[in-house]
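One structure is given here, and the rest of the page talks about it.
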Amino acid sequence: MSVSEAIQAHHQELLDSLKGYSQALSESPSQVDLGELVVFLRQELLSHAQGEERQLYPAVDPLVQAHGKATATMSVDHQFIGGLVAQIEEAAQAAQHATEAARPKIERRLGRLSLQLEAIFQLHLSKEERIYLPLLEKYLSPADQQRILDDMHASPEQSATPVKTTLDLRPMPPRERHPLIFETFESLQPGEAFVLINDHDPKPLFYQFQAERAGQFDWEYLAKGPEAWRVRIGRKAE
């Protein structure tokens, strides 16, 4: 057995034990030896985590920097989240068509899946907020940070459109806004876009685009107030 296989086997042992305790607590909590559970958590689970911190991660860290991808583990989280969502969807559909006798078992499964999803999603968000966001704030410009946020909230089709610039109208005199907007639009190459930020809903601008650039532009709200409206305006590819 290789070292990797030995580590994976130990992981499976820990996971099987934890699942056993979780199931017992869910179905017959009075039958669970709580002292035994705490001993397992402290002497097995936490001990394993501490060993990884001391030995495994220092060895893996330079390997990830040289040969891997720092965000790969976050993508694994997304795969698990997607899998749990699919299982919840399947169980929800089954519950809708289940008999009265079968429904309680399905509902218990839905509860367990929802708790699993909540736990992994909470952990995932915590990692992003504690590790990634401080790096963005420290090393990227506000414009680059805003562009990332805008692209995250865009539809998959729109997010593939390169954003050339962000145009913040709020500090500008009203008479200067529309000429600059259309000047910015005309500077776009087909398939490019810019993000417009305004202090009110720019709906009149949308109607002006419809009248003067019909069929030439894409319009997508990224944020709708109350303090700022953000719109991605793209030039359609020819």
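Following the order of the structure tokens, first chain is A, next is B, and so on, with residues numbered from 1 inside each chain and ligands from 1 in the order they appear.
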
Considering only C-alpha atoms, return as a PDB file with N, CA and C atoms, in the first residue's frame whatever protein or nucleic-acid residues lie within 12 Å of A:Ile148, sequence-local ones (same chain, fewer than 4 positions apart) excluded.
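This went into result.pdb:
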```
ATOM      1  N   LEU A 133     -10.469  37.013   0.192  1.00  0.00           N
ATOM      2  CA  LEU A 133     -10.903  38.410   0.126  1.00  0.00           C
ATOM      3  C   LEU A 133      -9.863  39.384   0.678  1.00  0.00           C
ATOM      4  N   LEU A 136      -7.446  40.015  -2.107  1.00  0.00           N
ATOM      5  CA  LEU A 136      -7.985  40.900  -3.137  1.00  0.00           C
ATOM      6  C   LEU A 136      -7.905  42.355  -2.698  1.00  0.00           C
ATOM      7  N   GLU A 137      -8.316  42.612  -1.453  1.00  0.00           N
ATOM      8  CA  GLU A 137      -8.343  43.988  -0.964  1.00  0.00           C
ATOM      9  C   GLU A 137      -6.936  44.578  -0.854  1.00  0.00           C
ATOM     10  N   LEU A 140      -5.182  44.058  -5.152  1.00  0.00           N
ATOM     11  CA  LEU A 140      -5.851  44.461  -6.382  1.00  0.00           C
ATOM     12  C   LEU A 140      -6.434  45.859  -6.235  1.00  0.00           C
ATOM     13  N   SER A 141      -6.484  46.571  -7.333  1.00  0.00           N
ATOM     14  CA  SER A 141      -7.072  47.906  -7.318  1.00  0.00           C
ATOM     15  C   SER A 141      -8.580  47.808  -7.114  1.00  0.00           C
ATOM     16  N   PRO A 142      -9.207  48.889  -6.615  1.00  0.00           N
ATOM     17  CA  PRO A 142     -10.675  48.867  -6.478  1.00  0.00           C
ATOM     18  C   PRO A 142     -11.379  48.559  -7.789  1.00  0.00           C
ATOM     19  N   ALA A 143     -10.851  49.061  -8.905  1.00  0.00           N
ATOM     20  CA  ALA A 143     -11.484  48.792 -10.202  1.00  0.00           C
ATOM     21  C   ALA A 143     -11.423  47.309 -10.546  1.00  0.00           C
ATOM     22  N   ASP A 144     -10.274  46.682 -10.280  1.00  0.00           N
ATOM     23  CA  ASP A 144     -10.150  45.247 -10.554  1.00  0.00           C
ATOM     24  C   ASP A 144     -11.066  44.439  -9.634  1.00  0.00           C
ATOM     25  N   MET A 152     -18.701  37.984 -11.500  1.00  0.00           N
ATOM     26  CA  MET A 152     -19.268  36.895 -10.709  1.00  0.00           C
ATOM     27  C   MET A 152     -20.783  36.875 -10.797  1.00  0.00           C
ATOM     28  N   HIS A 153     -21.402  38.050 -10.847  1.00  0.00           N
ATOM     29  CA  HIS A 153     -22.853  38.148 -10.816  1.00  0.00           C
ATOM     30  C   HIS A 153     -23.475  38.168 -12.204  1.00  0.00           C
ATOM     31  N   ALA A 154     -22.644  38.091 -13.226  1.00  0.00           N
ATOM     32  CA  ALA A 154     -23.168  38.065 -14.588  1.00  0.00           C
ATOM     33  C   ALA A 154     -23.608  36.656 -14.947  1.00  0.00           C
ATOM     34  N   SER A 159     -20.634  36.641 -18.666  1.00  0.00           N
ATOM     35  CA  SER A 159     -19.352  36.635 -17.966  1.00  0.00           C
ATOM     36  C   SER A 159     -18.207  36.308 -18.899  1.00  0.00           C
ATOM     37  N   PRO A 162     -15.472  40.116 -22.317  1.00  0.00           N
ATOM     38  CA  PRO A 162     -14.455  40.914 -21.627  1.00  0.00           C
ATOM     39  C   PRO A 162     -14.997  42.287 -21.243  1.00  0.00           C
ATOM     40  N   VAL A 163     -14.747  42.696 -20.005  1.00  0.00           N
ATOM     41  CA  VAL A 163     -15.140  44.024 -19.542  1.00  0.00           C
ATOM     42  C   VAL A 163     -13.959  44.962 -19.743  1.00  0.00           C
ATOM     43  N   THR A 165     -13.867  48.421 -19.258  1.00  0.00           N
ATOM     44  CA  THR A 165     -13.701  49.461 -18.250  1.00  0.00           C
ATOM     45  C   THR A 165     -14.950  49.555 -17.392  1.00  0.00           C
ATOM     46  N   THR A 166     -14.829  50.251 -16.278  1.00  0.00           N
ATOM     47  CA  THR A 166     -15.965  50.558 -15.411  1.00  0.00           C
ATOM     48  C   THR A 166     -16.157  52.065 -15.410  1.00  0.00           C
ATOM     49  N   VAL A 195     -18.943  48.369 -17.648  1.00  0.00           N
ATOM     50  CA  VAL A 195     -19.879  48.372 -16.528  1.00  0.00           C
ATOM     51  C   VAL A 195     -20.180  49.815 -16.159  1.00  0.00           C
ATOM     52  N   LEU A 222     -26.511  44.306 -12.986  1.00  0.00           N
ATOM     53  CA  LEU A 222     -25.691  43.565 -12.031  1.00  0.00           C
ATOM     54  C   LEU A 222     -26.080  43.896 -10.600  1.00  0.00           C
TER      55      LEU A 222
END
```

Write out as a ChimeraX atom specification all residues of stretch 66-230 of chain A that backbone DSSP assigns to alpha helix (DSSP H). /A:66-67,72-96,103-127,133-139,142-152,156-159,174-186,203-212

Dump as a JSON list (two decimals), in the first residue's frame, selection limited to C-alpha atoms:
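Output file part12.json follows:
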```
[["chain", "number", "residue", "atom", "x", "y", "z"],
["A", 66, "ALA", "CA", 5.34, 24.61, -7.95],
["A", 67, "HIS", "CA", 3.02, 22.09, -9.58],
["A", 72, "ALA", "CA", -8.15, 23.57, -6.50],
["A", 73, "THR", "CA", -9.54, 22.59, -3.10],
["A", 74, "MET", "CA", -12.20, 25.29, -3.40],
["A", 75, "SER", "CA", -13.27, 23.81, -6.73],
["A", 76, "VAL", "CA", -13.59, 20.44, -5.00],
["A", 77, "ASP", "CA", -15.93, 22.15, -2.52],
["A", 78, "HIS", "CA", -18.04, 23.31, -5.46],
["A", 79, "GLN", "CA", -18.21, 19.77, -6.80],
["A", 80, "PHE", "CA", -19.46, 18.51, -3.43],
["A", 81, "ILE", "CA", -21.95, 21.37, -3.19],
["A", 82, "GLY", "CA", -23.27, 20.56, -6.66],
["A", 83, "GLY", "CA", -23.56, 16.89, -5.74],
["A", 84, "LEU", "CA", -25.50, 17.66, -2.57],
["A", 85, "VAL", "CA", -27.83, 19.99, -4.45],
["A", 86, "ALA", "CA", -28.52, 17.20, -6.96],
["A", 87, "GLN", "CA", -29.24, 14.73, -4.14],
["A", 88, "ILE", "CA", -31.58, 17.20, -2.42],
["A", 89, "GLU", "CA", -33.40, 17.81, -5.69],
["A", 90, "GLU", "CA", -33.79, 14.07, -6.24],
["A", 91, "ALA", "CA", -35.04, 13.50, -2.69],
["A", 92, "ALA", "CA", -37.44, 16.45, -2.92],
["A", 93, "GLN", "CA", -38.96, 15.02, -6.09],
["A", 94, "ALA", "CA", -39.24, 11.61, -4.45],
["A", 95, "ALA", "CA", -40.99, 13.15, -1.43],
["A", 96, "GLN", "CA", -43.60, 14.75, -3.66],
["A", 103, "ARG", "CA", -42.38, 10.07, 3.28],
["A", 104, "PRO", "CA", -40.83, 10.27, 6.82],
["A", 105, "LYS", "CA", -37.71, 8.38, 5.72],
["A", 106, "ILE", "CA", -37.25, 10.66, 2.71],
["A", 107, "GLU", "CA", -37.80, 13.75, 4.85],
["A", 108, "ARG", "CA", -35.12, 12.58, 7.30],
["A", 109, "ARG", "CA", -32.76, 12.14, 4.36],
["A", 110, "LEU", "CA", -33.59, 15.64, 3.16],
["A", 111, "GLY", "CA", -32.80, 16.97, 6.61],
["A", 112, "ARG", "CA", -29.42, 15.23, 6.70],
["A", 113, "LEU", "CA", -28.52, 16.42, 3.21],
["A", 114, "SER", "CA", -29.52, 19.99, 4.02],
["A", 115, "LEU", "CA", -27.35, 19.97, 7.15],
["A", 116, "GLN", "CA", -24.42, 18.61, 5.15],
["A", 117, "LEU", "CA", -24.89, 21.32, 2.53],
["A", 118, "GLU", "CA", -25.13, 24.02, 5.19],
["A", 119, "ALA", "CA", -21.93, 22.82, 6.85],
["A", 120, "ILE", "CA", -19.83, 22.61, 3.70],
["A", 121, "PHE", "CA", -21.19, 25.89, 2.33],
["A", 122, "GLN", "CA", -20.50, 27.70, 5.60],
["A", 123, "LEU", "CA", -16.95, 26.33, 5.62],
["A", 124, "HIS", "CA", -16.47, 27.26, 1.97],
["A", 125, "LEU", "CA", -17.59, 30.85, 2.55],
["A", 126, "SER", "CA", -15.39, 31.14, 5.63],
["A", 127, "LYS", "CA", -12.33, 30.07, 3.63],
["A", 133, "LEU", "CA", -10.90, 38.41, 0.13],
["A", 134, "PRO", "CA", -8.12, 39.99, 2.23],
["A", 135, "LEU", "CA", -5.69, 39.23, -0.61],
["A", 136, "LEU", "CA", -7.98, 40.90, -3.14],
["A", 137, "GLU", "CA", -8.34, 43.99, -0.96],
["A", 138, "LYS", "CA", -4.61, 44.23, -0.33],
["A", 139, "TYR", "CA", -3.19, 43.56, -3.78],
["A", 142, "PRO", "CA", -10.67, 48.87, -6.48],
["A", 143, "ALA", "CA", -11.48, 48.79, -10.20],
["A", 144, "ASP", "CA", -10.15, 45.25, -10.55],
["A", 145, "GLN", "CA", -12.06, 44.16, -7.45],
["A", 146, "GLN", "CA", -15.27, 45.67, -8.83],
["A", 147, "ARG", "CA", -14.73, 43.98, -12.20],
["A", 148, "ILE", "CA", -14.40, 40.61, -10.49],
["A", 149, "LEU", "CA", -17.61, 41.22, -8.54],
["A", 150, "ASP", "CA", -19.48, 42.28, -11.67],
["A", 151, "ASP", "CA", -18.31, 39.21, -13.58],
["A", 152, "MET", "CA", -19.27, 36.89, -10.71],
["A", 156, "PRO", "CA", -22.49, 32.60, -17.90],
["A", 157, "GLU", "CA", -22.93, 34.04, -21.38],
["A", 158, "GLN", "CA", -22.24, 37.58, -20.25],
["A", 159, "SER", "CA", -19.35, 36.63, -17.97],
["A", 174, "PRO", "CA", -25.53, 65.08, -15.44],
["A", 175, "ARG", "CA", -24.92, 66.91, -18.72],
["A", 176, "GLU", "CA", -21.62, 65.06, -19.21],
["A", 177, "ARG", "CA", -22.93, 61.57, -18.57],
["A", 178, "HIS", "CA", -24.72, 60.47, -21.73],
["A", 179, "PRO", "CA", -22.07, 61.74, -24.18],
["A", 180, "LEU", "CA", -19.39, 59.88, -22.21],
["A", 181, "ILE", "CA", -21.51, 56.72, -22.09],
["A", 182, "PHE", "CA", -21.94, 56.59, -25.86],
["A", 183, "GLU", "CA", -18.30, 57.53, -26.40],
["A", 184, "THR", "CA", -17.34, 54.58, -24.19],
["A", 185, "PHE", "CA", -19.72, 52.29, -26.05],
["A", 186, "GLU", "CA", -18.31, 53.32, -29.42],
["A", 203, "LYS", "CA", -33.76, 53.03, -17.51],
["A", 204, "PRO", "CA", -34.02, 56.16, -19.73],
["A", 205, "LEU", "CA", -30.54, 55.33, -21.01],
["A", 206, "PHE", "CA", -31.75, 51.86, -21.95],
["A", 207, "TYR", "CA", -34.55, 53.37, -24.04],
["A", 208, "GLN", "CA", -32.04, 55.71, -25.70],
["A", 209, "PHE", "CA", -29.85, 52.73, -26.58],
["A", 210, "GLN", "CA", -32.90, 50.96, -28.00],
["A", 211, "ALA", "CA", -33.69, 53.97, -30.16],
["A", 212, "GLU", "CA", -30.15, 54.71, -31.34]]
```

For A:Ile197, the closest of A:Asp218, A:Glu238, A:Glu227, A:Glu27 counting only C-alpha atoms is A:Glu227

I need the residues of chain A that end up classed as strand (DSSP E or B) by DSSP on the backbone, written out as a PyMOL selection string. chain A and resi 163-168+193-198+217-224+229-235

With N, CA and C atoms retained, export the selected residues as a PDB file, in the first residue's frame.
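That gives us part_14.pdb:
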```pdb
ATOM      1  N   VAL A 163     -14.747  42.696 -20.005  1.00  0.00           N
ATOM      2  CA  VAL A 163     -15.140  44.024 -19.542  1.00  0.00           C
ATOM      3  C   VAL A 163     -13.959  44.962 -19.743  1.00  0.00           C
ATOM      4  N   LYS A 164     -14.148  45.960 -20.585  1.00  0.00           N
ATOM      5  CA  LYS A 164     -13.047  46.857 -20.930  1.00  0.00           C
ATOM      6  C   LYS A 164     -12.795  47.880 -19.838  1.00  0.00           C
ATOM      7  N   THR A 165     -13.867  48.421 -19.258  1.00  0.00           N
ATOM      8  CA  THR A 165     -13.701  49.461 -18.250  1.00  0.00           C
ATOM      9  C   THR A 165     -14.950  49.555 -17.392  1.00  0.00           C
ATOM     10  N   THR A 166     -14.829  50.251 -16.278  1.00  0.00           N
ATOM     11  CA  THR A 166     -15.965  50.558 -15.411  1.00  0.00           C
ATOM     12  C   THR A 166     -16.157  52.065 -15.410  1.00  0.00           C
ATOM     13  N   LEU A 167     -17.368  52.492 -15.694  1.00  0.00           N
ATOM     14  CA  LEU A 167     -17.678  53.915 -15.813  1.00  0.00           C
ATOM     15  C   LEU A 167     -18.599  54.309 -14.663  1.00  0.00           C
ATOM     16  N   ASP A 168     -18.054  55.050 -13.698  1.00  0.00           N
ATOM     17  CA  ASP A 168     -18.825  55.487 -12.532  1.00  0.00           C
ATOM     18  C   ASP A 168     -19.338  56.894 -12.794  1.00  0.00           C
ATOM     19  N   ALA A 193     -17.450  44.751 -23.362  1.00  0.00           N
ATOM     20  CA  ALA A 193     -18.493  45.395 -22.571  1.00  0.00           C
ATOM     21  C   ALA A 193     -17.858  46.375 -21.599  1.00  0.00           C
ATOM     22  N   PHE A 194     -18.677  47.253 -21.056  1.00  0.00           N
ATOM     23  CA  PHE A 194     -18.243  48.077 -19.933  1.00  0.00           C
ATOM     24  C   PHE A 194     -19.327  48.039 -18.873  1.00  0.00           C
ATOM     25  N   VAL A 195     -18.943  48.369 -17.648  1.00  0.00           N
ATOM     26  CA  VAL A 195     -19.879  48.372 -16.528  1.00  0.00           C
ATOM     27  C   VAL A 195     -20.180  49.815 -16.159  1.00  0.00           C
ATOM     28  N   LEU A 196     -21.454  50.122 -16.109  1.00  0.00           N
ATOM     29  CA  LEU A 196     -21.926  51.456 -15.769  1.00  0.00           C
ATOM     30  C   LEU A 196     -22.401  51.469 -14.317  1.00  0.00           C
ATOM     31  N   ILE A 197     -21.966  52.462 -13.553  1.00  0.00           N
ATOM     32  CA  ILE A 197     -22.412  52.627 -12.170  1.00  0.00           C
ATOM     33  C   ILE A 197     -23.128  53.965 -12.065  1.00  0.00           C
ATOM     34  N   ASN A 198     -24.324  53.952 -11.499  1.00  0.00           N
ATOM     35  CA  ASN A 198     -25.116  55.173 -11.408  1.00  0.00           C
ATOM     36  C   ASN A 198     -25.809  55.233 -10.055  1.00  0.00           C
ATOM     37  N   PHE A 217     -26.454  46.161 -28.917  1.00  0.00           N
ATOM     38  CA  PHE A 217     -25.969  46.167 -27.538  1.00  0.00           C
ATOM     39  C   PHE A 217     -26.654  45.095 -26.705  1.00  0.00           C
ATOM     40  N   ASP A 218     -25.970  44.702 -25.624  1.00  0.00           N
ATOM     41  CA  ASP A 218     -26.539  43.862 -24.572  1.00  0.00           C
ATOM     42  C   ASP A 218     -26.640  44.701 -23.308  1.00  0.00           C
ATOM     43  N   TRP A 219     -27.657  44.440 -22.523  1.00  0.00           N
ATOM     44  CA  TRP A 219     -27.902  45.221 -21.301  1.00  0.00           C
ATOM     45  C   TRP A 219     -28.241  44.245 -20.182  1.00  0.00           C
ATOM     46  N   GLU A 220     -27.471  44.281 -19.110  1.00  0.00           N
ATOM     47  CA  GLU A 220     -27.739  43.382 -17.985  1.00  0.00           C
ATOM     48  C   GLU A 220     -27.502  44.107 -16.669  1.00  0.00           C
ATOM     49  N   TYR A 221     -28.527  44.105 -15.826  1.00  0.00           N
ATOM     50  CA  TYR A 221     -28.373  44.672 -14.492  1.00  0.00           C
ATOM     51  C   TYR A 221     -27.517  43.735 -13.637  1.00  0.00           C
ATOM     52  N   LEU A 222     -26.511  44.306 -12.986  1.00  0.00           N
ATOM     53  CA  LEU A 222     -25.691  43.565 -12.031  1.00  0.00           C
ATOM     54  C   LEU A 222     -26.080  43.896 -10.600  1.00  0.00           C
ATOM     55  N   ALA A 223     -26.612  45.087 -10.385  1.00  0.00           N
ATOM     56  CA  ALA A 223     -27.084  45.502  -9.060  1.00  0.00           C
ATOM     57  C   ALA A 223     -28.158  46.557  -9.256  1.00  0.00           C
ATOM     58  N   LYS A 224     -29.197  46.482  -8.425  1.00  0.00           N
ATOM     59  CA  LYS A 224     -30.310  47.425  -8.525  1.00  0.00           C
ATOM     60  C   LYS A 224     -30.521  48.121  -7.187  1.00  0.00           C
ATOM     61  N   TRP A 229     -26.699  51.547  -8.822  1.00  0.00           N
ATOM     62  CA  TRP A 229     -27.146  50.631  -9.873  1.00  0.00           C
ATOM     63  C   TRP A 229     -25.935  50.320 -10.744  1.00  0.00           C
ATOM     64  N   ARG A 230     -25.746  49.055 -11.047  1.00  0.00           N
ATOM     65  CA  ARG A 230     -24.648  48.635 -11.919  1.00  0.00           C
ATOM     66  C   ARG A 230     -25.233  47.887 -13.110  1.00  0.00           C
ATOM     67  N   VAL A 231     -24.799  48.283 -14.294  1.00  0.00           N
ATOM     68  CA  VAL A 231     -25.301  47.677 -15.523  1.00  0.00           C
ATOM     69  C   VAL A 231     -24.119  47.317 -16.412  1.00  0.00           C
ATOM     70  N   ARG A 232     -24.137  46.099 -16.919  1.00  0.00           N
ATOM     71  CA  ARG A 232     -23.151  45.698 -17.924  1.00  0.00           C
ATOM     72  C   ARG A 232     -23.743  46.008 -19.297  1.00  0.00           C
ATOM     73  N   ILE A 233     -23.042  46.837 -20.054  1.00  0.00           N
ATOM     74  CA  ILE A 233     -23.470  47.200 -21.405  1.00  0.00           C
ATOM     75  C   ILE A 233     -22.428  46.658 -22.374  1.00  0.00           C
ATOM     76  N   GLY A 234     -22.849  45.757 -23.225  1.00  0.00           N
ATOM     77  CA  GLY A 234     -21.921  45.120 -24.146  1.00  0.00           C
ATOM     78  C   GLY A 234     -22.231  45.457 -25.589  1.00  0.00           C
ATOM     79  N   ARG A 235     -21.197  45.405 -26.402  1.00  0.00           N
ATOM     80  CA  ARG A 235     -21.369  45.573 -27.845  1.00  0.00           C
ATOM     81  C   ARG A 235     -21.430  44.192 -28.463  1.00  0.00           C
TER      82      ARG A 235
END
```

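Ranking A:Ala6, A:Leu14, A:Met1, A:Met172 by their shortest atom-to-atom distance to A:Gln43, with only C-alpha atoms included, puts A:Leu14 first.
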
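Coordinates place atom CA of A:Pro190 at a distance of 12.3 Å from atom CA of A:Gly215.
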
9 Å contact set for stretch 17-23 of chain A, only C-alpha atoms, chain neighbours under 6 positions out, as a PyMOL selection string: chain A and resi 29+32+37+40-41+45

Store the residues picked out above in a file with N, CA and C atoms, as a PDB file, in the first residue's frame.
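Ended up saving to selection-v4.pdb:
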```
ATOM      1  N   PRO A  29     -30.691   8.888  19.649  1.00  0.00           N
ATOM      2  CA  PRO A  29     -29.685   9.633  20.419  1.00  0.00           C
ATOM      3  C   PRO A  29     -29.472   9.102  21.830  1.00  0.00           C
ATOM      4  N   VAL A  32     -26.606   6.497  22.214  1.00  0.00           N
ATOM      5  CA  VAL A  32     -25.223   6.851  21.882  1.00  0.00           C
ATOM      6  C   VAL A  32     -24.428   7.100  23.156  1.00  0.00           C
ATOM      7  N   LEU A  37     -18.103   9.209  22.080  1.00  0.00           N
ATOM      8  CA  LEU A  37     -18.098  10.113  20.929  1.00  0.00           C
ATOM      9  C   LEU A  37     -17.053  11.208  21.103  1.00  0.00           C
ATOM     10  N   PHE A  40     -13.578   9.901  20.657  1.00  0.00           N
ATOM     11  CA  PHE A  40     -13.277   9.716  19.232  1.00  0.00           C
ATOM     12  C   PHE A  40     -12.938  11.047  18.564  1.00  0.00           C
ATOM     13  N   LEU A  41     -13.751  12.059  18.831  1.00  0.00           N
ATOM     14  CA  LEU A  41     -13.536  13.355  18.188  1.00  0.00           C
ATOM     15  C   LEU A  41     -12.192  13.959  18.587  1.00  0.00           C
ATOM     16  N   LEU A  45     -10.210  12.266  15.525  1.00  0.00           N
ATOM     17  CA  LEU A  45     -10.471  13.264  14.487  1.00  0.00           C
ATOM     18  C   LEU A  45      -9.545  14.475  14.617  1.00  0.00           C
TER      19      LEU A  45
END
```
